[in-house]
Amino acid sequence: MRQYSPDLTPPWKKPKPVPEVAADPGLVVEEPGTGFCGAVIRCEAGTVTLEDRFGKHRVFPLEPRGFLLEGRVVTLVRPSSAPARPSRTASGSVAVPGARARVARAGRIYVEGRHDAELVERVWGDDLRIEGVVVEYLEGVDDLPSIVEDFGPGPDARLGVLVDHLVPGTKESRIAEAVTSDHALVVGHPYIDIWEAVKPSAVGIAGWPRVPRGQDWKTGVCRALGWPENTGAAWQHILSRVRSYKDLEPELLGRVEELIDFVTAPQ
């Protein structure tokens, strides 16, 4: 008959159980042995592939207690083949499973740049498709009054515009005041660039650095944070950390919701 020895390990020396977390695409974790931090892009039998903010891929085994999630030890497991459908969209709206995109309205929402458009799509994309609202970017707002005039907003084609750094006394505020159509709404957030509208905690930094006047702001941010001075790659890293409205500052949330309500208001 086999004899079993009692476990004499003191309770405080026994490893504590850790949570199991599904390795869903986009989940950002760290492999503590190498310090490699990245987002899950693939999970196969026994392995997980991570991609860091510079686009580098590493494959790691799915071992117990093998990763850190927000500083906590976790065990990654393969996600189920049919993940549960979310009950809410990234913007916090109630999800409508199977809903088809509505035919695009004549009205539009304009934003300043491509990064602004990508961030709005990341959080409000599902809502905008259901409402039939198209978001376009302008590459700057210096010619905004003439752009609005060319668009010709009206009761059945309202125009909403989101402006960066819209604070009193700035060039942007003077441009916004020059738009006088009753069927166009210009609103903005106080941040120098849309990057700042992402909460630092979502990106894993203490705060957005101050960049001296005269420097390119995005390049200065990369330099101050010790990132490679590749603003395109930096933005993709920032965008990958945005999963819902909770990762954005309220000063941006309110303005985008205001524009959607304005453009979709009944005639």
# chains A, B, ... in the order shown; residues from 1 in each chain; ligands from 1
call {"tool": "residues_around", "arguments": {"residues": "Arg241 (chain A)", "least_positions_apart": "5", "cutoff": "12 Å", "atoms": "only C-alpha atoms", "output": "short mmCIF file (atom, residue, chain, number, x, y, z; two decimals) with C-alpha atoms, in the first residue's frame"}}
result
data_model
loop_
_atom_site.label_atom_id
_atom_site.label_comp_id
_atom_site.auth_asym_id
_atom_site.auth_seq_id
_atom_site.Cartn_x
_atom_site.Cartn_y
_atom_site.Cartn_z
CA PRO A 25 -6.62 39.54 -28.80
CA GLY A 26 -5.53 42.98 -27.62
CA LEU A 27 -4.94 42.00 -23.99
CA VAL A 28 -1.68 43.65 -22.85
CA VAL A 29 0.53 41.56 -20.55
CA GLY A 38 2.88 43.45 -25.57
CA ALA A 39 -0.64 42.83 -26.78
CA VAL A 40 -1.94 39.36 -27.54
CA ASP A 52 5.07 45.19 -28.45
CA ARG A 53 4.55 48.86 -29.25
CA LEU A 119 -9.82 57.27 -31.88
CA ARG A 122 -12.29 52.91 -31.86
CA VAL A 123 -14.77 54.05 -29.22
CA TRP A 195 -3.09 61.89 -27.72
CA VAL A 198 -6.25 59.27 -23.66
CA LYS A 199 -5.86 58.81 -19.92
CA PRO A 200 -2.19 58.36 -18.92
CA SER A 201 -3.17 55.36 -16.80
CA ALA A 202 -4.46 53.60 -19.93
CA VAL A 203 -1.10 54.07 -21.64
CA GLY A 204 0.89 53.09 -18.55
CA ILE A 205 2.54 56.46 -17.92
CA ALA A 234 3.77 55.65 -30.85
CA TRP A 235 0.19 56.42 -31.83
CA GLN A 236 -0.55 52.79 -32.66
CA LYS A 246 -13.31 54.56 -19.71
CA ASP A 247 -9.83 55.07 -21.18
CA LEU A 248 -10.62 58.61 -22.39
#
call {"tool": "residues_around", "arguments": {"residues": "Gly107 (chain A)", "least_positions_apart": "3", "cutoff": "6 Å", "atoms": "only C-alpha atoms", "output": "PyMOL selection string"}}
result
chain A and resi 157-159
call {"tool": "write_last_selection", "arguments": {"atoms": "N, CA and C atoms", "output": "mmCIF file, in the first residue's frame"}}
result
data_model
loop_
_atom_site.group_PDB
_atom_site.id
_atom_site.type_symbol
_atom_site.label_atom_id
_atom_site.label_comp_id
_atom_site.auth_asym_id
_atom_site.auth_seq_id
_atom_site.Cartn_x
_atom_site.Cartn_y
_atom_site.Cartn_z
ATOM 1 N N ALA A 157 -28.872 68.114 -43.324
ATOM 2 C CA ALA A 157 -27.443 67.789 -43.484
ATOM 3 C C ALA A 157 -26.648 68.614 -42.480
ATOM 4 N N ARG A 158 -26.728 68.213 -41.236
ATOM 5 C CA ARG A 158 -26.025 68.948 -40.191
ATOM 6 C C ARG A 158 -24.552 68.570 -40.175
ATOM 7 N N LEU A 159 -23.762 69.523 -39.745
ATOM 8 C CA LEU A 159 -22.313 69.308 -39.711
ATOM 9 C C LEU A 159 -21.795 69.559 -38.302
#
call {"tool": "atom_distance", "arguments": {"atom1": "CA of Asp182 (chain A)", "atom2": "CA of Tyr245 (chain A)"}}
result
29.1 Å
call {"tool": "residues_around", "arguments": {"residues": "region 59-72 of chain A", "least_positions_apart": "3", "cutoff": "10 Å", "atoms": "only C-alpha atoms", "output": "PyMOL selection string"}}
result
chain A and resi 17-21+23+27-33+35-37+40+42-51+75-78+204
call {"tool": "write_last_selection", "arguments": {"atoms": "C-alpha atoms", "output": "PDB file, in the first residue's frame"}}
result
ATOM      1  CA  PRO A  17      -3.617  30.847  -6.283  1.00  0.00           C
ATOM      2  CA  VAL A  18      -3.655  33.339  -9.147  1.00  0.00           C
ATOM      3  CA  PRO A  19      -6.521  34.203 -11.498  1.00  0.00           C
ATOM      4  CA  GLU A  20      -6.843  32.649 -14.928  1.00  0.00           C
ATOM      5  CA  VAL A  21      -7.296  35.205 -17.692  1.00  0.00           C
ATOM      6  CA  ALA A  23      -5.692  35.478 -23.765  1.00  0.00           C
ATOM      7  CA  LEU A  27      -4.941  42.005 -23.990  1.00  0.00           C
ATOM      8  CA  VAL A  28      -1.679  43.645 -22.852  1.00  0.00           C
ATOM      9  CA  VAL A  29       0.528  41.560 -20.547  1.00  0.00           C
ATOM     10  CA  GLU A  30       4.178  41.290 -19.544  1.00  0.00           C
ATOM     11  CA  GLU A  31       6.351  38.184 -19.519  1.00  0.00           C
ATOM     12  CA  PRO A  32       8.369  38.754 -16.320  1.00  0.00           C
ATOM     13  CA  GLY A  33      11.315  36.574 -17.254  1.00  0.00           C
ATOM     14  CA  GLY A  35      10.374  41.956 -19.405  1.00  0.00           C
ATOM     15  CA  PHE A  36       8.691  41.781 -22.815  1.00  0.00           C
ATOM     16  CA  CYS A  37       5.375  43.669 -22.746  1.00  0.00           C
ATOM     17  CA  VAL A  40      -1.937  39.358 -27.540  1.00  0.00           C
ATOM     18  CA  ARG A  42      -2.538  35.068 -31.424  1.00  0.00           C
ATOM     19  CA  CYS A  43      -3.164  32.205 -29.025  1.00  0.00           C
ATOM     20  CA  GLU A  44      -2.579  28.648 -30.170  1.00  0.00           C
ATOM     21  CA  ALA A  45      -2.256  25.324 -28.427  1.00  0.00           C
ATOM     22  CA  GLY A  46       0.245  25.875 -25.650  1.00  0.00           C
ATOM     23  CA  THR A  47       1.613  29.236 -26.839  1.00  0.00           C
ATOM     24  CA  VAL A  48       0.686  32.917 -27.028  1.00  0.00           C
ATOM     25  CA  THR A  49       2.138  35.526 -29.408  1.00  0.00           C
ATOM     26  CA  LEU A  50       2.630  39.081 -28.135  1.00  0.00           C
ATOM     27  CA  GLU A  51       3.332  42.251 -30.122  1.00  0.00           C
ATOM     28  CA  THR A  75      -2.183  32.456 -15.696  1.00  0.00           C
ATOM     29  CA  LEU A  76      -3.128  32.965 -19.326  1.00  0.00           C
ATOM     30  CA  VAL A  77      -5.480  30.415 -20.844  1.00  0.00           C
ATOM     31  CA  ARG A  78      -6.797  29.959 -24.362  1.00  0.00           C
ATOM     32  CA  GLY A 204       0.888  53.087 -18.550  1.00  0.00           C
TER      33      GLY A 204
END
call {"tool": "select_by_dssp", "arguments": {"residues": "region 90-262 of chain A", "states": "strand (DSSP E)", "output": "list of chain:residue names"}}
result
A:Arg108, A:Ile109, A:Tyr110, A:Val111, A:Val134, A:Val135, A:Glu136, A:Tyr137, A:Leu159, A:Gly160, A:Val161, A:Leu162, A:Val163, A:Ala184, A:Leu185, A:Val186, A:Val187, A:Gly188
call {"tool": "write_last_selection", "arguments": {"atoms": "N, CA, C and O atoms", "output": "compact mmCIF listing (two decimals), in the first residue's frame"}}
result
# COMPACT_ATOMS: atom_id res chain seq x y z
N ARG A 108 -22.42 65.11 -41.47
CA ARG A 108 -21.09 64.57 -41.23
C ARG A 108 -20.54 65.08 -39.90
O ARG A 108 -21.01 66.08 -39.36
N ILE A 109 -19.51 64.38 -39.42
CA ILE A 109 -18.68 64.89 -38.33
C ILE A 109 -17.27 65.02 -38.87
O ILE A 109 -16.72 64.06 -39.42
N TYR A 110 -16.70 66.21 -38.74
CA TYR A 110 -15.33 66.46 -39.16
C TYR A 110 -14.44 66.52 -37.92
O TYR A 110 -14.81 67.12 -36.91
N VAL A 111 -13.26 65.91 -38.02
CA VAL A 111 -12.25 66.01 -36.97
C VAL A 111 -10.97 66.51 -37.62
O VAL A 111 -10.83 66.53 -38.84
N VAL A 134 -20.95 59.49 -40.83
CA VAL A 134 -19.60 59.33 -41.35
C VAL A 134 -18.69 60.36 -40.69
O VAL A 134 -19.05 61.53 -40.57
N VAL A 135 -17.50 59.92 -40.27
CA VAL A 135 -16.50 60.81 -39.70
C VAL A 135 -15.37 61.00 -40.72
O VAL A 135 -14.84 60.02 -41.25
N GLU A 136 -15.02 62.25 -40.99
CA GLU A 136 -13.94 62.56 -41.93
C GLU A 136 -12.93 63.47 -41.24
O GLU A 136 -13.28 64.21 -40.32
N TYR A 137 -11.66 63.40 -41.69
CA TYR A 137 -10.67 64.27 -41.08
C TYR A 137 -10.19 65.32 -42.07
O TYR A 137 -10.20 65.11 -43.28
N LEU A 159 -23.76 69.52 -39.75
CA LEU A 159 -22.31 69.31 -39.71
C LEU A 159 -21.79 69.56 -38.30
O LEU A 159 -22.04 70.61 -37.71
N GLY A 160 -21.06 68.57 -37.76
CA GLY A 160 -20.40 68.72 -36.47
C GLY A 160 -18.90 68.71 -36.65
O GLY A 160 -18.38 67.94 -37.47
N VAL A 161 -18.18 69.55 -35.91
CA VAL A 161 -16.73 69.66 -36.05
C VAL A 161 -16.09 69.56 -34.68
O VAL A 161 -16.48 70.28 -33.75
N LEU A 162 -15.08 68.69 -34.56
CA LEU A 162 -14.33 68.54 -33.31
C LEU A 162 -12.96 69.17 -33.51
O LEU A 162 -12.22 68.79 -34.43
N VAL A 163 -12.61 70.13 -32.66
CA VAL A 163 -11.37 70.89 -32.80
C VAL A 163 -10.45 70.62 -31.61
O VAL A 163 -10.90 70.63 -30.46
N ALA A 184 -24.46 74.03 -38.16
CA ALA A 184 -23.11 73.53 -37.92
C ALA A 184 -22.76 73.79 -36.46
O ALA A 184 -23.04 74.85 -35.92
N LEU A 185 -22.15 72.80 -35.83
CA LEU A 185 -21.75 72.92 -34.43
C LEU A 185 -20.26 72.63 -34.33
O LEU A 185 -19.80 71.56 -34.74
N VAL A 186 -19.52 73.59 -33.80
CA VAL A 186 -18.08 73.42 -33.60
C VAL A 186 -17.81 73.35 -32.11
O VAL A 186 -18.13 74.28 -31.36
N VAL A 187 -17.27 72.23 -31.66
CA VAL A 187 -16.90 72.06 -30.26
C VAL A 187 -15.47 71.54 -30.21
O VAL A 187 -14.90 71.15 -31.23
N GLY A 188 -14.88 71.54 -29.04
CA GLY A 188 -13.51 71.07 -28.95
C GLY A 188 -13.13 70.66 -27.54
O GLY A 188 -13.89 70.82 -26.59
call {"tool": "atom_distance", "arguments": {"atom1": "CA of Pro145 (chain A)", "atom2": "CA of Glu112 (chain A)"}}
result
13.6 Å
call {"tool": "atom_distance", "arguments": {"atom1": "CA of Phe54 (chain A)", "atom2": "CA of Ala233 (chain A)"}}
result
6.2 Å
call {"tool": "closest_residue", "arguments": {"among": "A:Arg210, A:His57, A:Lys218, A:His189", "to": "Gly254 (chain A)", "atoms": "only C-alpha atoms"}}
result
A:His189
call {"tool": "closest_residue", "arguments": {"among": "A:Ser80, A:Lys56, A:Thr89, A:Ile194", "to": "Arg243 (chain A)", "atoms": "only C-alpha atoms"}}
result
A:Thr89
call {"tool": "closest_residue", "arguments": {"among": "A:Gln215, A:Ser146, A:Thr180, A:Thr264", "to": "Gly132 (chain A)", "atoms": "only C-alpha atoms"}}
result
A:Thr264
call {"tool": "select_by_dssp", "arguments": {"residues": "region 18-243 of chain A", "states": "alpha helix (DSSP H)", "output": "PyMOL selection string"}}
result
chain A and resi 114-131+144-151+171-177+200-203+217-225+231-240
call {"tool": "closest_residue", "arguments": {"among": "A:Leu166, A:Ala104, A:Lys171, A:Ile260", "to": "Arg129 (chain A)", "atoms": "only C-alpha atoms"}}
result
A:Ala104
call {"tool": "closest_residue", "arguments": {"among": "A:Leu252, A:Gly55, A:Val148, A:Val263", "to": "Leu128 (chain A)", "atoms": "only C-alpha atoms"}}
result
A:Val263
